[in-house]
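Below: the structure, in structure tokens.
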Amino acid sequence: MNITHAVDGKFGPYGGQFVPETLMPALAELESAYAAAIADPEFMAEFEHLLKTYVGRESPLTFARRLTDHLGGAKIYLKREDLNHSGAHKINNALGQALLAKRMGKTRIVAETGAGQHGVGTATACALLGLDAIIYMGTVDIARQQPNVYRMKLLGAEVRPVESGSKTLKDAINEAIRDWVTNVETTHYLLGSVLGPHPYPTIVRDFQAVIGREARRQILDAEGRLPDTLIACVGGGSNAIGLFQAFLDDENVAMIGVEAGGLGIESGKHAARFADPDRARLGVLHGTRSFVLQTADGQIMETHSVSAGLDYPSVGPQHALLRDVERAGYTFATDDEALEAFHLLSRLEGIIPALESAHAVAEAIKRAPKMSKNDIIIVNLSGRGDKDLDTVIKLTADSH
Amino acid sequence: MTLKTIETTFSRGTAFMPYIPLGYPTPEASLDAVRAVVATGADMVELGVPFSDPLADGPTIQAATQRALENGVTVEKCLQMAAQLRAEGISVPFLLMGYLNPFLAFGLENLVEAAAKIKIDGFIIPDLPPEEAGEMDALCRKHDLALVYFLAPTSTPERISLVAEKARGFIYLVSLTGVTGARNRLSDTLPQFVARVRAATDTPLAVGFGIGDGAQARQVAHFADGVIVGSALVKRMAESTAAVHALAEEIAESVHSL
Ligand SMILES: Cc1ncc(COP(=O)(O)O)c(C=O)c1O
């Protein structure tokens, strides 16, 4: 079983291309354009140049000394994707795909966004490269991520509110796909996570894999050895696979993906696809076969998470395979645990994490005290928390 | 009632093929709509199975299937409704049209078996291109049911050959690059698109997406073997069965008068 790369568009039994016929030629075109682009040294040089001079890569690997001392166990390092231009790892992929779209002669970009970070990343990349950006966003998410809505508009993107279904990320993806189906000749769909039909899970993963390549080098520099455990939150799974990919062959490096436990698994109000076998079964959503939170009748369930970026009923196909073969483990953090981690990291390290990333921090908080002081954890701090201040202020006020 | 029935239907002339979302606006009203279109001379009926995330559909069908879900319609219920129509003696071919996930949840093997038993003639699954259809294709062949594939204006010559080779029953040609929904006018390039596919296959070609009235249906009937009408009828379903009947009659006459 090849866990590193898709074979015929699939990761083991997961993935594939379950899309309307209108899009099949576009996927084929994307696949060959992508293969040509990454084989072209000029394209890769431009991408790397922008990652360095525009995004500000490489992002630091910060030793979280006070958090480590506080927990009294493993050494915790933070991979600082929050320091990227536009505030999250999402820009890595947005920039890569925008460059690819431009190379393909597309002038118009559509994207979905949940937390707004991918929308901001896309709007940023489009502003930089002179492309039109149309961002679909559920009205529930618009309400809870206002700063990012303003940011996208400032960057010249058009934000289209989505009122259908649960009015969150999955519905924004539906609308983005409908737009793409209609305008496929001129438009590239800039999908924001390792989801959707092949080749998206591969393209997004490759553009995010810079995270793990840097982290691997950085930890070897800092500690002279590889880490014991990697921890990342998993919405669709792009920041997690971005960190994991470079370590897949390092057998002694454990990998933990953290899903959104919402109000708890029993409540049914969560987005923990791997933790709830009663509700999450093998299915097909948005063009890919993976685990999907669904009713007994195969209708997609509405998910819940305090973090908009994790609030999605399915998960990237490569993660499903990594879990099957036990190369990575998956767990969850509840809303409350994520909020606690949000506050703790802010106070102890002076770093306000995105609520998504706070889920990964929450797992480190659980895990580090049980590990030895010589052990090393790398937590992917996928984004910064500025966008979440409204949500957190409101929740903190409610609880007083 | 099988693939053969579908083939025979096309051999009799251009077919009028309405799409009726089961369960909208109520289960009983949707059955009335099927009865109405059959009474006007529909040659085949696509029975829509609702899904929460219909990504190939425009606002009209989205809203209708959403309502069907709210009315508690499931794959199981759709099968029961089809069985009821059969029990009443309605014999035109039925195709179940729906997205893959609810069918997967029901179990493809169970589904195809149950469908064959109640004399449903085939399936149309917009998010199941031939590349991914291996299991469903084998099951449908085993029970001699049709599994209908799509071609779109964007389809390349290679994809046209692929679908031509796999097609059984008919090929569903998407008239435009877009989602379902009635449009003011047909695409100018539709005749050329149909001709391109025609050159590659003898399988009947049914055209759908965007056809809204008798005049458009007549235009399409000039070069297609089947005329599929969805959203325009669905809009009438919101009004009354009589409104469905009136539009279906207009379209049936246009299609059959050729
Ligand atoms: C900061 C941040 N982290 C994580 C995610 C989750 O996405 P993924 O699992 O693809 O990394 C998001 C999504 O919006 C995000 O904004």
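All residue names refer to the structure tokens as shown: chains lettered A, B, ... in order, residues numbered from 1 in each chain, ligands numbered from 1 in order.
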
Report task. Compile the residues of chain B that lie within 8 Å of chain A, evaluated using only C-alpha atoms, and express the compilation as a ChimeraX atom specification. Result -> /B:51-58,74-75,100-106,126-129,131-132,150-156,177-179

**Report entry** Contacts of Thr124 (chain A) within 9 Å, only C-alpha atoms, excl. fewer than 2 positions in-chain, as number ranges by chain
**Finding:** A: 86, 91, 94-95, 119-122, 126-129, 152, 155-157

Selection to disk with N, CA, C and O atoms, as a PDB file, in the first residue's frame:
```pdb
ATOM      1  N   SER A  86      -0.589  36.733   6.023  1.00  0.00           N
ATOM      2  CA  SER A  86      -2.033  36.445   6.014  1.00  0.00           C
ATOM      3  C   SER A  86      -2.463  35.463   7.101  1.00  0.00           C
ATOM      4  O   SER A  86      -3.628  35.122   7.195  1.00  0.00           O
ATOM      5  N   ILE A  91      -2.000  30.058   3.091  1.00  0.00           N
ATOM      6  CA  ILE A  91      -1.380  30.841   2.014  1.00  0.00           C
ATOM      7  C   ILE A  91      -0.431  29.988   1.159  1.00  0.00           C
ATOM      8  O   ILE A  91      -0.284  30.235  -0.036  1.00  0.00           O
ATOM      9  N   ALA A  94      -2.638  28.382  -1.360  1.00  0.00           N
ATOM     10  CA  ALA A  94      -3.334  29.382  -2.180  1.00  0.00           C
ATOM     11  C   ALA A  94      -2.380  29.970  -3.219  1.00  0.00           C
ATOM     12  O   ALA A  94      -2.731  30.123  -4.393  1.00  0.00           O
ATOM     13  N   LEU A  95      -1.178  30.255  -2.776  1.00  0.00           N
ATOM     14  CA  LEU A  95      -0.197  30.833  -3.685  1.00  0.00           C
ATOM     15  C   LEU A  95       0.211  29.828  -4.766  1.00  0.00           C
ATOM     16  O   LEU A  95       0.278  30.169  -5.951  1.00  0.00           O
ATOM     17  N   GLY A 119      -9.943  31.720   2.496  1.00  0.00           N
ATOM     18  CA  GLY A 119     -10.458  32.820   1.689  1.00  0.00           C
ATOM     19  C   GLY A 119      -9.493  33.993   1.674  1.00  0.00           C
ATOM     20  O   GLY A 119      -9.235  34.585   0.620  1.00  0.00           O
ATOM     21  N   VAL A 120      -8.949  34.308   2.835  1.00  0.00           N
ATOM     22  CA  VAL A 120      -7.980  35.403   2.907  1.00  0.00           C
ATOM     23  C   VAL A 120      -6.714  35.032   2.133  1.00  0.00           C
ATOM     24  O   VAL A 120      -6.170  35.848   1.377  1.00  0.00           O
ATOM     25  N   GLY A 121      -6.258  33.804   2.301  1.00  0.00           N
ATOM     26  CA  GLY A 121      -5.076  33.352   1.567  1.00  0.00           C
ATOM     27  C   GLY A 121      -5.299  33.458   0.064  1.00  0.00           C
ATOM     28  O   GLY A 121      -4.439  33.932  -0.686  1.00  0.00           O
ATOM     29  N   THR A 122      -6.473  33.023  -0.375  1.00  0.00           N
ATOM     30  CA  THR A 122      -6.798  33.062  -1.798  1.00  0.00           C
ATOM     31  C   THR A 122      -6.915  34.501  -2.292  1.00  0.00           C
ATOM     32  O   THR A 122      -6.375  34.853  -3.354  1.00  0.00           O
ATOM     33  N   CYS A 126      -4.541  36.165  -5.070  1.00  0.00           N
ATOM     34  CA  CYS A 126      -5.149  36.712  -6.282  1.00  0.00           C
ATOM     35  C   CYS A 126      -4.816  38.194  -6.450  1.00  0.00           C
ATOM     36  O   CYS A 126      -4.595  38.663  -7.566  1.00  0.00           O
ATOM     37  N   ALA A 127      -4.786  38.912  -5.342  1.00  0.00           N
ATOM     38  CA  ALA A 127      -4.383  40.319  -5.421  1.00  0.00           C
ATOM     39  C   ALA A 127      -2.953  40.396  -5.947  1.00  0.00           C
ATOM     40  O   ALA A 127      -2.638  41.174  -6.849  1.00  0.00           O
ATOM     41  N   LEU A 128      -2.109  39.571  -5.409  1.00  0.00           N
ATOM     42  CA  LEU A 128      -0.693  39.582  -5.797  1.00  0.00           C
ATOM     43  C   LEU A 128      -0.510  39.255  -7.275  1.00  0.00           C
ATOM     44  O   LEU A 128       0.334  39.835  -7.953  1.00  0.00           O
ATOM     45  N   LEU A 129      -1.298  38.322  -7.784  1.00  0.00           N
ATOM     46  CA  LEU A 129      -1.090  37.839  -9.150  1.00  0.00           C
ATOM     47  C   LEU A 129      -2.081  38.423 -10.157  1.00  0.00           C
ATOM     48  O   LEU A 129      -2.065  38.056 -11.327  1.00  0.00           O
ATOM     49  N   MET A 152     -10.955  39.939   3.301  1.00  0.00           N
ATOM     50  CA  MET A 152     -11.117  39.465   1.912  1.00  0.00           C
ATOM     51  C   MET A 152     -11.594  40.603   1.020  1.00  0.00           C
ATOM     52  O   MET A 152     -11.115  40.774  -0.098  1.00  0.00           O
ATOM     53  N   LEU A 155      -8.985  43.058   0.186  1.00  0.00           N
ATOM     54  CA  LEU A 155      -8.030  42.505  -0.775  1.00  0.00           C
ATOM     55  C   LEU A 155      -8.616  42.424  -2.179  1.00  0.00           C
ATOM     56  O   LEU A 155      -7.979  41.915  -3.100  1.00  0.00           O
ATOM     57  N   GLY A 156      -9.849  42.885  -2.319  1.00  0.00           N
ATOM     58  CA  GLY A 156     -10.435  42.957  -3.654  1.00  0.00           C
ATOM     59  C   GLY A 156     -11.246  41.741  -4.047  1.00  0.00           C
ATOM     60  O   GLY A 156     -11.690  41.636  -5.189  1.00  0.00           O
ATOM     61  N   ALA A 157     -11.455  40.815  -3.113  1.00  0.00           N
ATOM     62  CA  ALA A 157     -12.243  39.619  -3.447  1.00  0.00           C
ATOM     63  C   ALA A 157     -13.723  39.922  -3.267  1.00  0.00           C
ATOM     64  O   ALA A 157     -14.105  40.800  -2.504  1.00  0.00           O
TER      65      ALA A 157
END
```

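Around Thr2 (chain B), within 6 Å and counting only C-alpha atoms, the residues found are B:Lys4, B:Thr5, B:Asp121, B:Asp144, B:Leu145, once anything fewer than 2 positions away on its own chain is removed.
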
C-alpha atoms of the current selection, written as a short mmCIF file (atom, residue, chain, number, x, y, z; two decimals), in the first residue's frame:
```
data_model
loop_
_atom_site.label_atom_id
_atom_site.label_comp_id
_atom_site.auth_asym_id
_atom_site.auth_seq_id
_atom_site.Cartn_x
_atom_site.Cartn_y
_atom_site.Cartn_z
CA LYS B 4 -34.74 -3.65 -23.25
CA THR B 5 -37.75 -1.58 -22.29
CA ASP B 121 -35.31 0.13 -15.24
CA ASP B 144 -30.06 -6.08 -16.77
CA LEU B 145 -30.69 -2.49 -15.66
#
```

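Rounded to one decimal, CA of Ser357 (chain A) and CA of Gly329 (chain A) lie 17.1 Å from each other.
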
Residue list (strand (DSSP E), DSSP) for region 201-256 of chain B, as a short mmCIF file (atom, residue, chain, number, x, y, z; two decimals) with all heavy atoms, in the first residue's frame:
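File written: part-v8.cif
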```cif
data_model
loop_
_atom_site.label_atom_id
_atom_site.label_comp_id
_atom_site.auth_asym_id
_atom_site.auth_seq_id
_atom_site.Cartn_x
_atom_site.Cartn_y
_atom_site.Cartn_z
N LEU B 205 -29.49 9.37 -27.56
CA LEU B 205 -28.96 10.53 -26.84
C LEU B 205 -30.13 11.36 -26.32
O LEU B 205 -30.95 11.85 -27.09
CB LEU B 205 -28.11 11.39 -27.79
CG LEU B 205 -27.00 10.64 -28.54
CD1 LEU B 205 -26.25 11.60 -29.47
CD2 LEU B 205 -26.04 9.97 -27.56
N ALA B 206 -30.17 11.51 -25.00
CA ALA B 206 -31.20 12.33 -24.38
C ALA B 206 -30.55 13.61 -23.87
O ALA B 206 -29.48 13.57 -23.27
CB ALA B 206 -31.86 11.57 -23.23
N VAL B 207 -31.20 14.74 -24.15
CA VAL B 207 -30.62 16.03 -23.77
C VAL B 207 -31.41 16.61 -22.60
O VAL B 207 -32.65 16.63 -22.62
CB VAL B 207 -30.65 17.01 -24.96
CG1 VAL B 207 -30.23 18.41 -24.53
CG2 VAL B 207 -29.73 16.51 -26.08
N GLY B 208 -30.69 17.08 -21.62
CA GLY B 208 -31.34 17.69 -20.47
C GLY B 208 -30.56 18.87 -19.95
O GLY B 208 -29.49 19.20 -20.48
N GLY B 226 -34.11 12.00 -26.97
CA GLY B 226 -34.91 12.17 -25.77
C GLY B 226 -34.78 13.59 -25.26
O GLY B 226 -33.73 14.21 -25.41
N VAL B 227 -35.86 14.10 -24.69
CA VAL B 227 -35.87 15.46 -24.16
C VAL B 227 -36.18 15.37 -22.66
O VAL B 227 -37.26 14.91 -22.27
CB VAL B 227 -36.93 16.32 -24.87
CG1 VAL B 227 -36.94 17.73 -24.29
CG2 VAL B 227 -36.68 16.34 -26.38
N ILE B 228 -35.23 15.78 -21.85
CA ILE B 228 -35.38 15.68 -20.40
C ILE B 228 -35.76 17.06 -19.85
O ILE B 228 -35.11 18.06 -20.15
CB ILE B 228 -34.06 15.21 -19.75
CG1 ILE B 228 -33.68 13.83 -20.30
CG2 ILE B 228 -34.20 15.18 -18.23
CD1 ILE B 228 -32.27 13.38 -19.95
N VAL B 229 -36.83 17.10 -19.06
CA VAL B 229 -37.26 18.37 -18.47
C VAL B 229 -37.37 18.20 -16.96
O VAL B 229 -38.11 17.33 -16.49
CB VAL B 229 -38.61 18.83 -19.06
CG1 VAL B 229 -39.03 20.16 -18.43
CG2 VAL B 229 -38.51 18.97 -20.57
#
```
